[in-house]
Amino acid sequence: MISMKISFELSKEHSTLPKAEVIACLQAENIHYKIVETNEDILIIETSAKTGKLKQLANRLSFTFHVNEFLFSCKPSPETIKQNAMDNPLKTKGSIAVRYKNRSNKTDSQSVVKALAEIYTKDRPVSLEKPDSEIRALLADTNVYVGINITEIDRSRFEQRKVQHRPFFSPISLHPKLARALVNLSAIKNNETLYDPFCGTGGILIEAGLIGAKVIGSDIERKMVDGGKKTLDFYSIKECKLFCSDIGDIKNYVSEVDAVVTDLPYGKSTTTKGEDIRGLYKRAFENIANVLKKHGRAVIGLSNKEMIALGKSYFSLIEVHEWRAHRSLTRYFAVYQK
C-alpha cells in the first residue's frame, strides 16, 4: 500500500496531552504508523491509512485543530518556501485557498502566504469560500509546516456540551474537551465497554458514548446516578448502564470491562464520606484492577502526585499528564495498563 505523511496541528493548551491523545487514537483505530517528527506544535506520521479512516480518527480528537496531508517543512524565508513548494507539487486539481496559523513572533505570515500562493495558485483558480484544496501553513518559531487540509476538528461541540448546558448540573465536572481526551487516552475502540466508577454527572460517559463505546457508570451518591441517567438520555447515549455503589462493591455489578476512565474525588468539593483519601484511592485501584481486562487501560485523575505510585501496585504506568485546573488545584492524569 502507498504510504503518505500526515500532520496533526496540535493545540498548545497543554504540553503533553495533544500528542498522547493522537497516538492513543491511532492505536484505537488500528492505524499503523511511524512518527516522522513531533513537537508541541505538530505531530507528523507516515501511514498507509486511507483518508476516510483518518477522518474517522479526527472525529474523536479534542486537542487537535487540523489533520493534513503533509507536504514539507522548511525555514520561513520566502525563497526557501518557494523552492520547497516547487519540489512538492500538488496532485489535486481545481481551486485553491492558502490559509495559515501563526504561532511565531518572528515570522511574517503574509510573506509565507504570498510565497506559497506564487507557486501553488499559478494557473489555478483561487476560491476562499469553497476551495477544492486548502493549503495550510503552520508557522512555528523555527519552521513552517505546509500541508493539504484533510479535515478540521469541530471543537465548538465541546463548548456546547459544557455542564451548564446539561439537564443535570454540578460545578465540579470536567470540561468536555478534557473528558474526551481522557477517554481517548484509554484507547477504547468502537463497541468496547468503558467504565467510570466515580461517574458524577456523567461527563466522561457522554464523551465515551459519543465515539461509539458502551458505557457503564457508578457513584456512591444516588442523586449523581439519577442525574447522570438524565444527562445520558439527553445526549441519546443508549448503550449505557448506571448504578449506585461504593467502589468496594463494584464487582457485584461489573464483570469485565475494556477500559476504565475516572476522575477520583479529591476531598474538597467532592464527598469521600469521611474516608481518608489515601485509603479511598487504594481501594479504588484494587477494585478497578479486579474488573479491568488484561492489557486494558485505566486513565485515572489524581489530586496528589504521590498517589500515582499507589497504582503501580496493580498496573504498569504508561504516562502522566499534569493539569493545572486553577491556582490551588493541580490534577494528575495517570495512564496505566493492566
# chains A, B, ... in the order shown; residues from 1 in each chain; ligands from 1

$ residues_around --residues "region 308-321 of chain A" --least-positions-apart "6" --cutoff "10 Å" --atoms "only C-alpha atoms" --output "ChimeraX atom specification"
/A:14-17,20,185,278,281-290,295-302,331-338

$ write_last_selection --atoms "N, CA and C atoms" --output "compact mmCIF listing (two decimals), in the first residue's frame"
# COMPACT_ATOMS: atom_id res chain seq x y z
N HIS A 14 -1.92 22.40 26.21
CA HIS A 14 -1.22 21.53 27.14
C HIS A 14 0.02 20.99 26.45
N SER A 15 1.07 20.73 27.20
CA SER A 15 2.35 20.35 26.58
C SER A 15 2.42 18.89 26.16
N THR A 16 1.67 18.00 26.81
CA THR A 16 1.81 16.56 26.51
C THR A 16 0.52 15.89 26.04
N LEU A 17 -0.63 16.37 26.47
CA LEU A 17 -1.89 15.70 26.16
C LEU A 17 -2.20 15.60 24.66
N ALA A 20 -0.22 12.77 22.97
CA ALA A 20 -0.60 11.47 23.55
C ALA A 20 -2.00 11.06 23.11
N LEU A 185 -7.30 8.68 25.66
CA LEU A 185 -6.06 8.11 26.21
C LEU A 185 -6.23 6.64 26.60
N ARG A 278 -6.17 8.62 50.92
CA ARG A 278 -5.23 7.56 50.56
C ARG A 278 -5.90 6.19 50.61
N TYR A 281 -8.28 5.89 47.60
CA TYR A 281 -7.56 5.68 46.35
C TYR A 281 -7.03 4.25 46.26
N LYS A 282 -6.53 3.73 47.37
CA LYS A 282 -6.01 2.36 47.37
C LYS A 282 -7.12 1.35 47.05
N ARG A 283 -8.27 1.57 47.66
CA ARG A 283 -9.42 0.69 47.38
C ARG A 283 -9.85 0.83 45.92
N ALA A 284 -9.80 2.06 45.41
CA ALA A 284 -10.19 2.29 44.02
C ALA A 284 -9.28 1.53 43.06
N PHE A 285 -7.98 1.65 43.25
CA PHE A 285 -7.05 0.94 42.37
C PHE A 285 -7.27 -0.57 42.43
N GLU A 286 -7.43 -1.09 43.63
CA GLU A 286 -7.61 -2.54 43.81
C GLU A 286 -8.85 -3.04 43.09
N ASN A 287 -9.97 -2.32 43.24
CA ASN A 287 -11.22 -2.77 42.65
C ASN A 287 -11.30 -2.50 41.15
N ILE A 288 -10.65 -1.45 40.69
CA ILE A 288 -10.56 -1.21 39.25
C ILE A 288 -9.77 -2.34 38.59
N ALA A 289 -8.69 -2.75 39.24
CA ALA A 289 -7.89 -3.86 38.71
C ALA A 289 -8.70 -5.15 38.61
N ASN A 290 -9.66 -5.32 39.52
CA ASN A 290 -10.48 -6.54 39.53
C ASN A 290 -11.43 -6.63 38.34
N HIS A 295 -4.42 -6.24 29.79
CA HIS A 295 -3.91 -5.30 28.78
C HIS A 295 -4.81 -4.08 28.59
N GLY A 296 -5.91 -4.00 29.34
CA GLY A 296 -6.78 -2.83 29.26
C GLY A 296 -6.14 -1.63 29.95
N ARG A 297 -6.56 -0.44 29.54
CA ARG A 297 -6.02 0.79 30.12
C ARG A 297 -6.95 1.39 31.17
N ALA A 298 -6.35 1.96 32.20
CA ALA A 298 -7.09 2.73 33.20
C ALA A 298 -6.50 4.15 33.20
N VAL A 299 -7.34 5.14 32.94
CA VAL A 299 -6.92 6.54 32.96
C VAL A 299 -7.54 7.16 34.21
N ILE A 300 -6.67 7.54 35.15
CA ILE A 300 -7.14 7.92 36.50
C ILE A 300 -6.70 9.34 36.83
N GLY A 301 -7.67 10.18 37.22
CA GLY A 301 -7.37 11.52 37.70
C GLY A 301 -7.09 11.51 39.18
N LEU A 302 -5.94 12.06 39.58
CA LEU A 302 -5.50 12.03 40.99
C LEU A 302 -5.23 13.45 41.47
N ARG A 331 -4.33 18.64 38.89
CA ARG A 331 -4.71 17.23 38.75
C ARG A 331 -3.60 16.49 38.01
N TYR A 332 -3.49 15.20 38.32
CA TYR A 332 -2.52 14.35 37.64
C TYR A 332 -3.29 13.21 36.98
N PHE A 333 -3.28 13.19 35.66
CA PHE A 333 -4.00 12.14 34.93
C PHE A 333 -3.00 11.07 34.53
N ALA A 334 -3.09 9.95 35.21
CA ALA A 334 -2.14 8.84 35.01
C ALA A 334 -2.78 7.80 34.11
N VAL A 335 -2.02 7.34 33.13
CA VAL A 335 -2.48 6.29 32.22
C VAL A 335 -1.75 4.99 32.60
N TYR A 336 -2.52 4.01 33.03
CA TYR A 336 -1.98 2.72 33.45
C TYR A 336 -2.45 1.62 32.47
N GLN A 337 -1.72 0.53 32.49
CA GLN A 337 -2.15 -0.65 31.73
C GLN A 337 -2.04 -1.88 32.61
N LYS A 338 -3.07 -2.72 32.54
CA LYS A 338 -3.08 -3.93 33.37
C LYS A 338 -2.22 -5.01 32.73

$ residues_around --residues "region 51-65 of chain A" --least-positions-apart "5" --cutoff "6 Å" --atoms "only C-alpha atoms" --output "ChimeraX atom specification"
/A:9-11,18,153,177

$ residues_around --residues "region 169-175 of chain A" --least-positions-apart "6" --cutoff "12 Å" --atoms "only C-alpha atoms" --output "ChimeraX atom specification"
/A:62,157-163,181-183,198-207,223-224,226-228,230-231,262-271,301,323,325,329,331

$ closest_residue --among "A:Thr330, A:Ser77, A:Gln83, A:Gln27" --to "Val112 (chain A)" --atoms "only C-alpha atoms"
A:Ser77

$ closest_residue --among "A:Arg136, A:Lys19, A:Lys5, A:Lys122" --to "Asn184 (chain A)" --atoms "only C-alpha atoms"
A:Lys19

$ atom_distance --atom1 "CA of Arg166 (chain A)" --atom2 "CA of Gly212 (chain A)"
19.9 Å

$ closest_residue --among "A:Val22, A:Glu322, A:Met307, A:Lys130" --to "Arg180 (chain A)" --atoms "only C-alpha atoms"
A:Val22

$ select_by_dssp --residues "region 65-115 of chain A" --states "helix (DSSP H, G or I)" --output "PDB file with N, CA and C atoms, in the first residue's frame"
ATOM      1  N   PRO A  78      10.949  33.355   2.291  1.00  0.00           N
ATOM      2  CA  PRO A  78      10.129  33.189   1.078  1.00  0.00           C
ATOM      3  C   PRO A  78      10.800  32.355  -0.003  1.00  0.00           C
ATOM      4  N   GLU A  79      12.098  32.568  -0.245  1.00  0.00           N
ATOM      5  CA  GLU A  79      12.774  31.815  -1.303  1.00  0.00           C
ATOM      6  C   GLU A  79      12.845  30.327  -0.981  1.00  0.00           C
ATOM      7  N   THR A  80      13.097  30.008   0.288  1.00  0.00           N
ATOM      8  CA  THR A  80      13.146  28.597   0.706  1.00  0.00           C
ATOM      9  C   THR A  80      11.775  27.950   0.571  1.00  0.00           C
ATOM     10  N   ILE A  81      10.745  28.691   0.946  1.00  0.00           N
ATOM     11  CA  ILE A  81       9.371  28.184   0.836  1.00  0.00           C
ATOM     12  C   ILE A  81       9.023  27.918  -0.623  1.00  0.00           C
ATOM     13  N   LYS A  82       9.343  28.860  -1.501  1.00  0.00           N
ATOM     14  CA  LYS A  82       9.021  28.700  -2.924  1.00  0.00           C
ATOM     15  C   LYS A  82       9.752  27.494  -3.529  1.00  0.00           C
ATOM     16  N   GLN A  83      11.011  27.301  -3.153  1.00  0.00           N
ATOM     17  CA  GLN A  83      11.761  26.168  -3.668  1.00  0.00           C
ATOM     18  C   GLN A  83      11.154  24.847  -3.203  1.00  0.00           C
ATOM     19  N   ASN A  84      10.786  24.773  -1.933  1.00  0.00           N
ATOM     20  CA  ASN A  84      10.161  23.559  -1.403  1.00  0.00           C
ATOM     21  C   ASN A  84       8.799  23.316  -2.034  1.00  0.00           C
ATOM     22  N   ALA A  85       8.051  24.375  -2.277  1.00  0.00           N
ATOM     23  CA  ALA A  85       6.737  24.233  -2.925  1.00  0.00           C
ATOM     24  C   ALA A  85       6.892  23.696  -4.348  1.00  0.00           C
ATOM     25  N   MET A  86       7.900  24.166  -5.066  1.00  0.00           N
ATOM     26  CA  MET A  86       8.148  23.660  -6.416  1.00  0.00           C
ATOM     27  C   MET A  86       8.567  22.197  -6.384  1.00  0.00           C
ATOM     28  N   ASP A  87       9.296  21.818  -5.343  1.00  0.00           N
ATOM     29  CA  ASP A  87       9.745  20.425  -5.203  1.00  0.00           C
ATOM     30  C   ASP A  87       8.623  19.490  -4.749  1.00  0.00           C
ATOM     31  N   SER A 109       3.618  36.389   8.490  1.00  0.00           N
ATOM     32  CA  SER A 109       2.695  35.427   7.893  1.00  0.00           C
ATOM     33  C   SER A 109       2.361  35.767   6.444  1.00  0.00           C
ATOM     34  N   GLN A 110       2.268  37.049   6.129  1.00  0.00           N
ATOM     35  CA  GLN A 110       1.889  37.431   4.768  1.00  0.00           C
ATOM     36  C   GLN A 110       2.951  37.045   3.748  1.00  0.00           C
ATOM     37  N   SER A 111       4.215  37.121   4.150  1.00  0.00           N
ATOM     38  CA  SER A 111       5.285  36.722   3.221  1.00  0.00           C
ATOM     39  C   SER A 111       5.249  35.221   2.961  1.00  0.00           C
ATOM     40  N   VAL A 112       4.852  34.452   3.966  1.00  0.00           N
ATOM     41  CA  VAL A 112       4.723  32.999   3.805  1.00  0.00           C
ATOM     42  C   VAL A 112       3.574  32.676   2.850  1.00  0.00           C
ATOM     43  N   VAL A 113       2.419  33.298   3.083  1.00  0.00           N
ATOM     44  CA  VAL A 113       1.246  33.059   2.239  1.00  0.00           C
ATOM     45  C   VAL A 113       1.529  33.464   0.793  1.00  0.00           C
ATOM     46  N   LYS A 114       2.166  34.603   0.624  1.00  0.00           N
ATOM     47  CA  LYS A 114       2.488  35.098  -0.722  1.00  0.00           C
ATOM     48  C   LYS A 114       3.407  34.119  -1.458  1.00  0.00           C
ATOM     49  N   ALA A 115       4.412  33.608  -0.754  1.00  0.00           N
ATOM     50  CA  ALA A 115       5.344  32.667  -1.372  1.00  0.00           C
ATOM     51  C   ALA A 115       4.637  31.379  -1.786  1.00  0.00           C
TER      52      ALA A 115
END

$ atom_distance --atom1 "CA of Ile148 (chain A)" --atom2 "CA of Ala28 (chain A)"
24.5 Å

$ residues_around --residues "Leu71 (chain A)" --least-positions-apart "3" --cutoff "7 Å" --atoms "only C-alpha atoms" --output "list in words"
Asn88, Val146 and Gly147 of chain A
